[in-house]
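> Handing you this structure, nothing more for now.
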Amino acid sequence: MRIKKNNTIEVFTLKLYDIDSKRPRLNNCLIKEVVDYMSKVILSFIFLTTLAYGQWSPKARKIIEDEAVKYKSFDDAGYVSYWGGIRRRFADRENTGEIKEFKLPGLTELGLKTYFRENKQSAKLHVFFPGVFGSLDSEITKRMTQIFESIGGNVLVIPNFLAVDYIQSKPIYGKRSLVTDILIPLKIIDKYNKNVNEIHLYAESLGSYIGASVLARLSNRSEMKNKKLSLTLLWPPIEIKSAISSFDKNIEKSKSIYNDCSLIVNGIKTIYYFMKDFYPKEIDRDYITCMSSMFYHAAFVKSIKKSYEETSKFDKNIEIENFSDYLKQSRPGLHTLLDNNEKDATLKYWLNKRNVKNTRVQIVTSVDDFLNIDKDWKQFLKETGLSDESFILMKWGGHSGPLGMPIWADALKANL
């Protein structure tokens with residue numbers, strides 16, 4: 001048997017015996033030919049299996065790329081991030097599941113609220129890890145939940161570890177607090193994974209670390225070896241430390257602009273622009289600048305302050321203005337871990353811990369995502385064993401902006 005260059009297979013018979021002498025002719029040349037052939041077969045099988053189970057499907061990729069060309073870039077990552085957030089807030093957010101509270105002895109002092117939509121007809125479990133401060137009641141979380149419900153299957157949503165829902169459960173932290181944040185979602189998923197044969201994890205932004213760590217731990221369990229596991233990372237930061245630094249720089253840089261913007265005037269413009277066109281064609285440059293600053297301050301700084309007020313370390317005399325301030329005051333252990341850039345605070349560490357035999361990983365992000373400034377995605381893919389086919393790098397989008405496009409239920413369903 002011989003593998004041709006066009007991937008077809010030519011079959012021939014190996015003569016193991018010399019016809020004239022009737023003696024075995026297992027000489028060195030023959031043995032080498034057999035070994036070479038088997039090596040090619042094994043490598044080809046591994047390659048094809050990995051490729052088939054480690055990429056965006058052509059249909060899913062086409063759905064995303066065909067929709068993306070409809071958006072006109074205004075060369076402002078903050079604005080398009082704001083645009084995507086507004087589009088999600090006012091899209092279909094109807095959810096059909098219910099809030100369930102779980103007691104997790106040893107991990108939380110109080111019950112942790114999660115969201116679950118049951119589908120007894122399905123053996124698939126979709127688990128969503130929202131971005132930073134992503135609570136169950138936020139409009140963006142509800143929109144993403146609606147997308148996953150549209151795909152079909154059981155849907156579980158676990159709030160982000162900096163969200164108010166999560167903080168109110170009073171997690172019990174040891175010296176390395178991130179361990180608790182990793183174990184909590186695993187315990188919750190364990191309550192739902194008994195009757196499913198597929199577990200699909202979806203993680204946005206900061207939720208990517210929890211999603212990747214959960215995939216690593218689940219995939220290495222013996223009882224999971226026959227289950228289909230996947231992880232879709234939506235605009236993930238490669239390193240939390242550098243992502244926070246970039247975010248804080250943008251918060252500081254846009255502060256004076258935000259203070260000078262008229263919320264009333266720009267609010268009216270927002271209504272006008274968003275009602276006129278789904279994908280804006282022409283926009284006032286001053287409006288773009290103001291809305292970019294709104295993204296950082298009206299959305300994130302506001303959420304930082306709200307989350308801090310729920311922590312046990314809240315002090316009304318301390319002003320919290322950015323992510324670094326927040327972590328120093330509320331999660332000093334986590335802040336130290338990130339400041340030291342320890343390996344378990346990097347996405348690469350957790351992706352390399354996964355069992356590649358039964359997992360699939362896809363990533364979608366944007367070239368102008370400010371959380372990954374100066375990061376090399378090509379090198380990242382190489383270091384994590386991911387193929388180019390598993391990666392979509394959009395030409396626009398800032399941070400999570402394209403999630404405002406209305407095609408994600410179709411795209412994600414096409415990738416199952």
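Residue numbers start at 1 in each chain; chains themselves are named A, B, ... in the order of the structure tokens; ligands are numbered from 1 in the order shown.
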Which residues are close to Gln168 in chain A, i.e. within 9 Å by only C-alpha atoms, leaving aside same-chain residues fewer than 6 positions away? Reply as a compact mmCIF listing (two decimals) with N, CA and C atoms, in the first residue's frame.

```txt
# COMPACT_ATOMS: atom_id res chain seq x y z
N LEU A 110 -22.10 31.41 51.02
CA LEU A 110 -23.51 31.46 50.66
C LEU A 110 -23.72 30.80 49.30
N GLY A 111 -24.98 30.63 48.92
CA GLY A 111 -25.27 30.00 47.63
C GLY A 111 -24.86 30.88 46.46
N LEU A 112 -24.43 30.26 45.38
CA LEU A 112 -24.05 30.99 44.17
C LEU A 112 -25.17 30.85 43.15
N GLU A 310 -19.54 45.66 46.58
CA GLU A 310 -20.05 44.39 47.07
C GLU A 310 -19.00 43.55 47.78
N THR A 311 -17.75 43.93 47.69
CA THR A 311 -16.69 43.13 48.30
C THR A 311 -16.59 43.39 49.79
```
> Write out as a list in words each polymer residue whose atoms come within 12 Å of Tyr192 in chain A, counting only C-alpha atoms; drop sequence neighbours fewer than 5 positions from it.
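Counting only the stated atoms, we get Tyr115, Phe116, Arg117, Glu118, Asn119, Lys120, Ala123, Lys124, Leu125, His126, Val127, Asn154, Val155, Leu156, Val157, Pro185, Leu186, Lys187, Asn197, Glu198 and Ile199 of chain A.
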> Quick one: of A:Phe102, A:Phe323, A:Tyr296, A:Phe129, who's nearest to Ala243 in chain A, counting only C-alpha atoms?
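For Ala243 in chain A, the nearest of the candidates is A:Phe323.
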> Determine, counting only C-alpha atoms, which protein, DNA and RNA residues have an atom within 9 Å of an atom of Met144 in chain A; residues of the same chain fewer than 6 positions away are not included. Present the result as a VMD selection string.
chain A and resid 88 93 128 130 403
> Run DSSP on the backbone of this structure and report the residues of range 189-340 of chain A it assigns to helix (DSSP H, G or I), as a PyMOL selection string.
chain A and resi 189-190+207-219+222-224+240-253+255-260+263-276+285-310+323-330+332-339
> Would you mind listing what lies within 12 Å of range 382-386 of chain A as a ChimeraX atom specification, with only C-alpha atoms counted and same-chain residues fewer than 2 positions away left out?
/A:47,50-51,53-56,212,238,346-356,359-363,376-380,388-392
> Write a file of the selected residues as a compact mmCIF listing (two decimals), in the first residue's frame, keeping N, CA and C atoms.

```
# COMPACT_ATOMS: atom_id res chain seq x y z
N PHE A 47 -3.02 13.74 11.92
CA PHE A 47 -3.19 15.07 11.34
C PHE A 47 -4.64 15.31 10.94
N THR A 50 -6.99 15.53 14.00
CA THR A 50 -6.81 16.79 14.72
C THR A 50 -7.39 17.95 13.95
N LEU A 51 -7.16 17.98 12.63
CA LEU A 51 -7.66 19.05 11.79
C LEU A 51 -9.18 19.09 11.78
N TYR A 53 -11.16 18.08 14.03
CA TYR A 53 -11.76 18.37 15.33
C TYR A 53 -11.07 19.56 16.00
N GLY A 54 -10.45 20.43 15.20
CA GLY A 54 -9.78 21.58 15.79
C GLY A 54 -9.83 22.79 14.89
N GLN A 55 -11.00 23.07 14.29
CA GLN A 55 -11.08 24.20 13.40
C GLN A 55 -12.50 24.76 13.34
N TRP A 56 -12.60 26.01 12.87
CA TRP A 56 -13.90 26.55 12.54
C TRP A 56 -14.38 25.84 11.27
N ALA A 212 -10.86 28.03 29.81
CA ALA A 212 -9.70 27.23 29.45
C ALA A 212 -9.29 26.30 30.59
N ILE A 238 -4.67 37.39 25.92
CA ILE A 238 -3.63 36.38 26.01
C ILE A 238 -3.03 36.35 27.42
N THR A 346 -1.94 32.93 32.61
CA THR A 346 -1.81 33.08 31.16
C THR A 346 -2.71 32.05 30.47
N LEU A 347 -3.24 32.44 29.36
CA LEU A 347 -4.14 31.56 28.61
C LEU A 347 -3.38 30.35 28.07
N LYS A 348 -2.14 30.58 27.67
CA LYS A 348 -1.32 29.51 27.12
C LYS A 348 -1.16 28.34 28.09
N TYR A 349 -1.00 28.65 29.36
CA TYR A 349 -0.79 27.61 30.37
C TYR A 349 -1.96 26.63 30.40
N TRP A 350 -3.18 27.16 30.41
CA TRP A 350 -4.36 26.29 30.55
C TRP A 350 -4.67 25.55 29.26
N LEU A 351 -4.46 26.20 28.12
CA LEU A 351 -4.71 25.50 26.86
C LEU A 351 -3.73 24.35 26.66
N ASN A 352 -2.52 24.51 27.15
CA ASN A 352 -1.53 23.43 27.03
C ASN A 352 -1.74 22.31 28.06
N LYS A 353 -2.64 22.53 29.01
CA LYS A 353 -2.97 21.50 29.99
C LYS A 353 -4.09 20.59 29.51
N ARG A 354 -4.75 20.98 28.42
CA ARG A 354 -5.90 20.19 27.97
C ARG A 354 -5.44 18.88 27.34
N ASN A 355 -6.33 17.89 27.33
CA ASN A 355 -6.09 16.64 26.62
C ASN A 355 -6.52 16.85 25.17
N VAL A 356 -5.56 16.90 24.27
CA VAL A 356 -5.87 17.24 22.88
C VAL A 356 -6.66 16.15 22.16
N THR A 359 -10.58 17.13 22.76
CA THR A 359 -10.99 18.53 22.85
C THR A 359 -10.83 19.26 21.52
N ARG A 360 -11.61 20.29 21.37
CA ARG A 360 -11.51 21.17 20.21
C ARG A 360 -11.53 22.60 20.73
N VAL A 361 -10.67 23.45 20.18
CA VAL A 361 -10.61 24.85 20.60
C VAL A 361 -10.70 25.76 19.39
N GLN A 362 -11.58 26.76 19.46
CA GLN A 362 -11.68 27.78 18.42
C GLN A 362 -11.54 29.16 19.07
N ILE A 363 -10.96 30.07 18.34
CA ILE A 363 -10.79 31.45 18.82
C ILE A 363 -11.28 32.41 17.76
N ASP A 376 1.52 38.52 19.81
CA ASP A 376 1.68 37.84 18.52
C ASP A 376 0.78 36.60 18.49
N TRP A 377 -0.33 36.70 17.76
CA TRP A 377 -1.26 35.59 17.71
C TRP A 377 -0.67 34.37 16.99
N LYS A 378 0.14 34.63 15.98
CA LYS A 378 0.76 33.53 15.26
C LYS A 378 1.65 32.71 16.19
N GLN A 379 2.41 33.39 17.02
CA GLN A 379 3.26 32.70 17.99
C GLN A 379 2.42 31.99 19.04
N PHE A 380 1.33 32.62 19.44
CA PHE A 380 0.43 32.02 20.43
C PHE A 380 -0.16 30.72 19.92
N ASP A 388 -4.12 27.29 12.17
CA ASP A 388 -4.70 28.52 11.61
C ASP A 388 -6.19 28.36 11.40
N GLU A 389 -6.63 27.13 11.12
CA GLU A 389 -8.05 26.87 10.88
C GLU A 389 -8.90 27.03 12.13
N SER A 390 -8.26 27.03 13.29
CA SER A 390 -9.00 27.18 14.54
C SER A 390 -9.15 28.64 14.94
N PHE A 391 -8.64 29.55 14.10
CA PHE A 391 -8.49 30.95 14.49
C PHE A 391 -9.13 31.87 13.46
N ILE A 392 -9.93 32.84 13.94
CA ILE A 392 -10.47 33.89 13.09
C ILE A 392 -10.01 35.22 13.65
```
> Name all residues at most 8 Å from Ile63 in chain A (count only C-alpha atoms; drop same-chain ones fewer than 3 positions away) and give them as a list of chain:residue names.
A:Lys59, A:Ala60, A:Asp66, A:Glu67, A:Ile407, A:Asp410, A:Ala411
> Just write the chosen residues, N, CA and C atoms, as a PDB file, in the first residue's frame.

```pdb
ATOM      1  N   LYS A  59     -18.512  26.504   6.918  1.00  0.00           N
ATOM      2  CA  LYS A  59     -19.803  27.194   6.942  1.00  0.00           C
ATOM      3  C   LYS A  59     -19.828  28.278   8.005  1.00  0.00           C
ATOM      4  N   ALA A  60     -19.339  27.961   9.210  1.00  0.00           N
ATOM      5  CA  ALA A  60     -19.321  28.940  10.307  1.00  0.00           C
ATOM      6  C   ALA A  60     -18.432  30.124   9.941  1.00  0.00           C
ATOM      7  N   ASP A  66     -18.862  36.818   5.941  1.00  0.00           N
ATOM      8  CA  ASP A  66     -19.817  37.483   5.057  1.00  0.00           C
ATOM      9  C   ASP A  66     -20.532  38.630   5.765  1.00  0.00           C
ATOM     10  N   GLU A  67     -20.798  38.458   7.054  1.00  0.00           N
ATOM     11  CA  GLU A  67     -21.476  39.510   7.812  1.00  0.00           C
ATOM     12  C   GLU A  67     -20.512  40.640   8.164  1.00  0.00           C
ATOM     13  N   ILE A 407     -25.548  37.278  13.768  1.00  0.00           N
ATOM     14  CA  ILE A 407     -25.371  35.977  13.110  1.00  0.00           C
ATOM     15  C   ILE A 407     -24.789  34.888  14.017  1.00  0.00           C
ATOM     16  N   ASP A 410     -26.394  31.260  14.364  1.00  0.00           N
ATOM     17  CA  ASP A 410     -26.186  30.451  13.164  1.00  0.00           C
ATOM     18  C   ASP A 410     -24.729  30.003  13.046  1.00  0.00           C
ATOM     19  N   ALA A 411     -23.799  30.915  13.309  1.00  0.00           N
ATOM     20  CA  ALA A 411     -22.381  30.596  13.157  1.00  0.00           C
ATOM     21  C   ALA A 411     -21.935  29.529  14.149  1.00  0.00           C
TER      22      ALA A 411
END
```
> Find the residue from A:Tyr166, A:Trp396, A:Tyr258, A:Tyr79 that sits nearest to Asp368 in chain A; use only C-alpha atoms when measuring.
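Under the stated criterion, the closest residue is A:Trp396.
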> Which value, in Å to one decimal, gives the distance between CA of Gly131 in chain A and CA of Ala203 in chain A?
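Taking CA of Gly131 in chain A and CA of Ala203 in chain A, their separation equals 7.3 Å.
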> Need to verify the contact set: Val132 in chain A, 10 Å, only C-alpha atoms, exclusion of same-chain residues closer than 6 positions in sequence. Can you return it as a list of chain:residue names?
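Counting only C-alpha atoms, the residues come to A:Pro159, A:Asn160, A:Phe161, A:Leu162, A:Ala163, A:Glu204, A:Ser205, A:Leu206, A:Gly207, A:Ser208, A:Phe300, A:Ser303, A:Ile304.
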> Output C-alpha atoms for every residue in the selection just made, as a PDB file, in the first residue's frame.

```
ATOM      1  CA  PRO A 159     -21.267  34.459  36.390  1.00  0.00           C
ATOM      2  CA  ASN A 160     -17.799  35.955  36.028  1.00  0.00           C
ATOM      3  CA  PHE A 161     -15.619  35.752  39.152  1.00  0.00           C
ATOM      4  CA  LEU A 162     -15.644  39.569  39.464  1.00  0.00           C
ATOM      5  CA  ALA A 163     -19.414  39.861  38.971  1.00  0.00           C
ATOM      6  CA  GLU A 204     -15.856  35.815  26.505  1.00  0.00           C
ATOM      7  CA  SER A 205     -12.953  38.114  27.407  1.00  0.00           C
ATOM      8  CA  LEU A 206     -11.790  37.504  31.012  1.00  0.00           C
ATOM      9  CA  GLY A 207     -14.084  34.478  31.166  1.00  0.00           C
ATOM     10  CA  SER A 208     -11.599  32.787  28.818  1.00  0.00           C
ATOM     11  CA  PHE A 300     -16.384  49.616  32.771  1.00  0.00           C
ATOM     12  CA  SER A 303     -18.985  48.330  36.783  1.00  0.00           C
ATOM     13  CA  ILE A 304     -15.666  48.416  38.651  1.00  0.00           C
TER      14      ILE A 304
END
```
> Could you tell me which of A:Lys395, A:Asp315, A:Met291, A:Lys175 comes closest to Val265 in chain A if we count only C-alpha atoms?
A:Met291
> Need the shell around Lys241 in chain A: protein/DNA/RNA residues with any atom at most 7 Å away, counting only C-alpha atoms. Skip same-chain ones fewer than 6 positions apart. Format as number ranges by chain?
A: 338-339, 341
